[in-house]
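As stored in query_8.txt (compact mmCIF, C-alpha atoms):
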```txt
# COMPACT_ATOMS: atom_id res chain seq x y z
CA MET A 281 0.13 143.95 200.81
CA LYS A 282 -0.22 146.56 198.07
CA ARG A 283 3.48 147.73 198.58
CA SER A 284 5.03 144.24 198.47
CA GLY A 285 3.59 143.56 195.04
CA PRO A 286 5.73 146.05 193.08
CA LEU A 287 8.84 145.09 195.06
CA PHE A 288 8.32 141.48 194.26
CA THR A 289 7.84 142.33 190.61
CA LEU A 290 11.12 144.35 190.63
CA LEU A 291 13.10 141.51 192.18
CA ALA A 292 11.66 139.03 189.71
CA GLY A 293 12.72 141.32 186.82
CA LEU A 294 16.26 141.60 188.16
CA ALA A 295 16.52 137.84 188.53
CA LEU A 296 15.27 137.35 184.95
CA GLY A 297 17.82 139.89 183.66
CA LEU A 298 20.69 138.13 185.42
CA PHE A 299 19.53 134.79 184.00
CA VAL A 300 19.46 136.19 180.45
CA LEU A 301 22.93 137.73 180.81
CA SER A 302 24.30 134.42 182.11
CA LEU A 303 22.71 132.54 179.20
CA ASN A 304 24.18 134.95 176.59
CA ALA A 305 27.65 134.60 178.08
CA THR A 306 27.46 130.83 177.92
CA THR A 307 26.14 130.86 174.34
CA GLY A 308 28.96 133.25 173.20
CA GLU A 309 31.69 130.93 174.47
CA GLY A 310 30.14 127.98 172.63
CA THR A 311 30.04 129.92 169.42
CA SER A 312 33.73 130.84 169.63
CA SER A 313 34.83 127.27 170.41
CA TYR A 314 32.83 125.73 167.56
CA GLY A 315 33.18 128.57 165.07
CA LYS A 316 34.81 128.12 161.66
CA ALA A 317 38.47 127.14 162.06
CA PRO A 318 41.16 128.97 160.10
CA ALA A 319 42.24 127.24 156.83
CA ALA A 320 45.24 124.99 157.26
CA SER A 321 48.39 126.01 155.40
CA VAL A 322 49.74 123.80 152.59
CA ALA A 323 52.74 122.90 154.70
CA ASP A 324 50.50 121.66 157.55
CA SER A 325 48.20 119.65 155.27
CA PRO A 326 48.84 115.87 155.62
CA SER A 327 47.86 115.33 151.97
CA ALA A 328 50.46 117.76 150.62
CA LYS A 329 53.20 115.95 148.65
CA PRO A 330 56.84 116.58 149.54
CA SER A 331 58.80 118.57 147.02
CA ALA A 332 60.84 116.58 144.49
CA LYS A 333 64.51 115.95 145.21
CA PRO A 334 66.81 118.54 143.68
CA SER A 335 68.39 117.47 140.42
CA LYS A 336 72.10 116.76 140.23
CA LYS A 337 74.34 119.70 139.63
CA SER A 338 74.96 120.41 135.97
CA SER A 339 78.64 120.80 136.78
CA GLU A 340 78.94 117.08 137.42
CA LYS A 341 81.52 115.63 135.01
CA PRO A 342 80.18 113.19 132.38
CA SER A 343 81.66 109.72 132.30
CA LYS A 344 84.57 109.30 129.92
CA ALA A 345 84.11 106.98 126.96
CA SER A 346 86.63 104.15 126.75
CA PRO A 347 89.28 104.78 124.09
CA THR A 348 89.12 102.78 120.91
CA ARG A 349 92.04 101.43 118.98
CA THR A 350 92.76 102.40 115.41
CA ALA A 351 91.10 100.01 112.95
CA ARG A 352 93.68 98.76 110.45
CA PRO A 353 92.98 96.47 107.51
CA LYS A 354 95.17 93.43 106.93
CA THR A 355 98.47 94.61 105.47
CA ASN A 356 101.72 92.76 104.80
CA TYR A 357 105.22 94.22 104.94
CA ALA A 358 108.39 92.56 103.68
CA GLY A 359 112.06 93.52 103.45
CA ARG A 360 115.60 92.67 104.38
CA THR A 361 117.86 93.41 107.31
CA ASP A 362 120.28 96.30 107.08
CA ASP A 363 123.23 93.90 106.69
CA ASP A 364 121.33 92.05 103.91
CA SER A 365 121.88 88.73 105.67
CA SER A 366 118.22 87.89 106.33
CA ALA A 367 114.65 88.71 105.40
CA ILE A 368 111.75 89.77 107.57
CA SER A 369 108.02 89.97 106.96
CA ILE A 370 105.28 91.41 109.17
CA SER A 371 101.55 90.86 108.82
CA VAL A 372 99.39 93.48 110.54
CA ARG A 373 95.67 93.25 111.13
CA GLY A 374 93.84 95.67 113.43
CA ASP A 375 95.86 95.98 116.63
CA LYS A 376 97.79 92.69 116.23
CA ALA A 377 100.89 91.69 114.29
CA ILE A 378 102.85 88.54 113.51
CA ALA A 379 106.38 88.57 112.08
CA TYR A 380 108.82 86.06 110.63
CA PHE A 381 112.61 86.43 110.57
CA CYS A 382 114.54 84.05 108.32
CA ASP A 383 118.08 83.78 106.93
CA GLY A 384 117.14 80.99 104.47
CA ARG A 385 119.53 78.46 106.00
CA SER A 386 119.03 77.64 109.67
CA LYS A 387 118.12 80.75 111.64
CA GLU A 388 114.47 81.77 111.95
CA SER A 389 111.95 83.08 114.46
CA TRP A 390 108.19 83.69 114.65
CA LEU A 391 107.14 86.70 116.72
CA LYS A 392 103.80 88.25 117.63
CA GLY A 393 102.29 91.04 119.73
CA PRO A 394 100.15 94.19 119.78
CA VAL A 395 100.28 97.28 117.57
CA GLU A 396 99.63 100.56 119.37
CA ASP A 397 97.59 103.46 117.98
CA ASP A 398 100.77 105.35 117.06
CA GLY A 399 102.02 102.36 115.01
CA SER A 400 104.63 101.19 117.48
CA MET A 401 104.93 97.45 118.09
CA LYS A 402 106.80 95.21 120.51
CA LEU A 403 106.67 91.60 119.35
CA THR A 404 108.13 88.60 121.14
CA GLY A 405 109.03 85.02 120.21
CA LYS A 406 110.74 81.94 121.58
CA ASN A 407 114.19 81.93 123.17
CA GLY A 408 114.11 85.65 123.95
CA ALA A 409 113.48 86.80 120.38
CA LYS A 410 111.96 90.28 120.13
CA LEU A 411 111.09 92.95 117.62
CA ASP A 412 110.73 96.69 118.29
CA GLY A 413 109.33 98.57 115.31
CA LYS A 414 107.27 101.54 114.20
CA LEU A 415 104.71 101.55 111.41
CA THR A 416 104.98 104.79 109.48
CA GLY A 417 103.26 105.33 106.16
CA ASP A 418 103.94 102.34 103.88
CA ARG A 419 106.75 100.73 105.87
CA VAL A 420 107.88 99.35 109.21
CA ARG A 421 111.27 100.39 110.52
CA GLY A 422 112.85 98.78 113.57
CA THR A 423 115.19 96.24 115.12
CA THR A 424 114.74 92.55 115.77
CA THR A 425 116.94 90.59 118.15
CA ILE A 426 117.47 86.89 117.34
CA GLU A 427 119.81 84.72 119.42
CA LYS A 428 120.98 87.89 121.19
CA HIS A 429 122.02 89.46 117.88
CA PRO A 430 120.28 92.71 116.85
CA TYR A 431 119.30 93.26 113.22
CA GLY A 432 118.08 96.61 111.95
CA PHE A 433 115.50 96.30 109.17
CA THR A 434 113.08 98.09 106.89
CA ALA A 435 110.00 96.24 105.65
CA LYS A 436 107.93 97.96 102.95
CA LYS A 437 104.27 97.38 102.19
CA ALA A 438 103.94 94.20 100.15
CA VAL A 439 101.26 93.62 97.52
CA LYS A 440 100.11 90.04 97.00
CA PRO A 441 101.63 87.64 96.11
CA SER A 442 104.43 89.22 98.16
CA GLY A 443 104.13 88.60 101.89
CA LEU A 444 104.32 85.89 104.52
CA TYR A 445 103.38 82.20 104.04
CA ARG A 446 103.44 79.08 106.18
CA ALA A 447 102.77 75.33 105.80
CA THR A 448 102.42 72.97 108.74
CA THR A 449 101.59 69.29 108.25
CA GLU A 450 102.84 65.73 108.73
CA VAL A 451 104.43 63.72 105.94
CA ARG A 452 105.18 59.99 106.44
CA GLY A 453 105.34 60.43 110.18
CA ALA A 454 107.58 63.49 110.06
CA LYS A 455 106.32 66.87 111.22
CA ILE A 456 106.82 69.54 108.57
CA ASP A 457 106.81 73.25 109.43
CA GLY A 458 107.81 75.69 106.70
CA GLY A 459 107.91 79.48 106.54
CA TRP A 460 108.38 81.64 103.44
CA ILE A 461 108.89 85.35 102.82
CA VAL A 462 108.11 86.51 99.30
CA LEU A 463 109.81 89.87 98.76
CA PRO A 464 108.36 92.63 96.55
CA ASP A 465 111.03 91.94 93.88
CA GLY A 466 109.91 88.27 93.68
CA ARG A 467 112.80 86.74 95.62
CA GLN A 468 111.91 84.10 98.23
CA VAL A 469 113.55 83.29 101.57
CA GLY A 470 112.36 80.34 103.64
CA ILE A 471 113.14 77.47 105.97
CA VAL A 472 111.49 74.06 106.28
CA ARG A 473 111.86 72.10 109.51
CA ARG A 474 111.52 68.34 109.38
CA ASP A 475 111.05 67.11 112.94
CA ASP A 476 112.60 70.42 114.06
CA LYS A 477 115.66 70.07 111.82
CA PRO A 478 115.99 73.25 109.68
CA SER A 479 117.06 73.50 106.04
CA GLY A 480 116.52 75.88 103.13
CA ALA A 481 112.95 75.77 101.81
CA PRO A 482 112.08 74.93 98.21
CA PRO A 483 110.29 77.74 96.35
CA ILE A 484 106.51 78.04 96.48
CA ASP A 485 104.14 79.11 93.73
CA PRO A 486 103.16 82.57 95.04
CA GLU A 487 99.83 82.51 93.21
CA SER A 488 98.59 79.22 94.68
CA GLY A 489 101.02 78.56 97.55
CA ALA A 490 101.82 75.11 96.11
CA VAL A 491 105.18 73.63 97.13
CA THR A 492 106.79 70.20 96.95
CA VAL A 493 108.58 68.99 100.09
CA ASP A 494 110.32 65.58 100.03
CA GLY A 495 108.29 64.58 96.99
CA ASP A 496 104.97 65.51 98.62
CA ARG A 497 102.86 68.38 97.40
CA LEU A 498 101.86 70.85 100.12
CA THR A 499 100.13 74.22 100.21
CA ALA A 500 101.63 77.22 101.96
CA ARG A 501 98.98 79.72 103.05
CA PRO A 502 99.19 83.44 103.83
CA VAL A 503 99.75 84.17 107.52
CA THR A 504 97.20 86.31 109.38
CA PRO A 505 97.53 87.54 112.96
```
Kindly transcribe the structure held in the file into structure tokens.
Amino acid sequence: MKRSGPLFTLLAGLALGLFVLSLNATTGEGTSSYGKAPAASVADSPSAKPSAKPSKKSSEKPSKASPTRTARPKTNYAGRTDDDSSAISISVRGDKAIAYFCDGRSKESWLKGPVEDDGSMKLTGKNGAKLDGKLTGDRVRGTTTIEKHPYGFTAKKAVKPSGLYRATTEVRGAKIDGGWIVLPDGRQVGIVRRDDKPSGAPPIDPESGAVTVDGDRLTARPVTP
């Protein structure tokens, strides 16, 4: 009995040692599985905002501004054809023009159209009438074609009362349509149509535009495009 006591004590100590070792091993694994986790990187963080979209390349071409036409004040031009048979007057305002060709007897034509930035103009009228001209300095030089006949002309800048005038009305049931060109030297060339029948126009007062047609007093007014 005395010898079994120490042996029993030795075995009990070994069993206790094994139990402690087993407990430490288990506790170590728990510590590693619940230990402090490594910090998440910014890229992995769900709250991190995506980077802004890259800006457009600076080499991208800027939009072109729409071209603007040359601003021109209202200006009148008046002159005669190269053969001195007729007169012509052109009224220009901004990028538009209106012209009147008249021989003072029976042949006339009203024409209109655009004026380009370089001063060139292509005006058109009834029955195939046309005018091709170029505004240069204080004059317009070109050719107008009336009834298939070309007329070269030069129209110089006209100072009021020179210029282009027109009167349109009805007198005693007859339609009156008159056009007048007052040249820089004071001469006048015009035609009055009574129910579309042309004849030479009576002179107007250039200061007021007053004119008497068939005994009735009318007013001819400056023409503006």
(message) At a cut-off of 10 Å, using all atoms listed in the file, what residues contact Arg421 in chain A? Leave out same-chain residues fewer than 4 positions from it and give the result as a ChimeraX atom specification.
(response) /A:359,400,412-416,432-436
Can I get the selected residues back with C-alpha atoms, as a JSON list (two decimals), in the coordinates of the input?
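Result file follows (selection08.json):
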```json
[["chain", "number", "residue", "atom", "x", "y", "z"],
["A", 359, "GLY", "CA", 112.06, 93.52, 103.45],
["A", 400, "SER", "CA", 104.63, 101.19, 117.48],
["A", 412, "ASP", "CA", 110.73, 96.69, 118.29],
["A", 413, "GLY", "CA", 109.33, 98.57, 115.31],
["A", 414, "LYS", "CA", 107.27, 101.54, 114.20],
["A", 415, "LEU", "CA", 104.71, 101.55, 111.41],
["A", 416, "THR", "CA", 104.98, 104.79, 109.48],
["A", 432, "GLY", "CA", 118.08, 96.61, 111.95],
["A", 433, "PHE", "CA", 115.50, 96.30, 109.17],
["A", 434, "THR", "CA", 113.08, 98.09, 106.89],
["A", 435, "ALA", "CA", 110.00, 96.24, 105.65],
["A", 436, "LYS", "CA", 107.93, 97.96, 102.95]]
```
(request) Return the single residue from A:Lys455, A:Val420, A:Pro464, A:Gly384 that is closest to Pro482 in chain A, with distances computed using all atoms listed in the file. (result)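 Among A:Lys455, A:Val420, A:Pro464, A:Gly384, it is A:Gly384 that comes nearest to Pro482 in chain A.
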How close does range 371-392 of chain A get to range 422-430 of chain A? List, as JSON lines, each residue of range 371-392 of chain A within 9 Å, its nearest atom pair and the distance in Å to one decimal, counting all atoms listed in the file.
```
{"residue": "A:Phe381", "atom": "CA", "partner": "A:Thr424", "partner_atom": "CA", "distance": 8.3}
{"residue": "A:Lys387", "atom": "CA", "partner": "A:Ile426", "partner_atom": "CA", "distance": 8.4}
{"residue": "A:Glu388", "atom": "CA", "partner": "A:Ile426", "partner_atom": "CA", "distance": 8.0}
{"residue": "A:Ser389", "atom": "CA", "partner": "A:Ile426", "partner_atom": "CA", "distance": 7.3}
```
(request) Could you tell me how far CA of Gly480 in chain A lies from CA of Glu450 in chain A, in Å and to one decimal? (result)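 Calculated distance between CA of Gly480 in chain A and CA of Glu450 in chain A is 17.9 Å.
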(request) Considering all atoms listed in the file, state which residue in the set A:Ala481, A:Val395, A:Ala454, A:Leu463 is at the smallest distance from Tyr357 in chain A. (result) A:Leu463
(message) Given only C-alpha atoms as the basis, pick out the residue of A:Thr404, A:Thr355, A:Thr492, A:Ser365 nearest to Tyr380 in chain A.
(response) A:Thr404
(request) Measure the distance from CA of Lys406 in chain A to CA of Val372 in chain A in Å and round it to one decimal. (result) 19.6 Å
(request) Mind giving me the straight-line distance from CA of Asp476 in chain A to CA of Ser442 in chain A in Å, one decimal? (result) 25.9 Å
(request) Do a neighbour search on Arg452 in chain A at 12 Å with all atoms listed in the file, toss out local chain neighbours closer than 2 positions, and write the hits as a ChimeraX atom specification. (result) /A:449-450,454-456,474-475,493-496
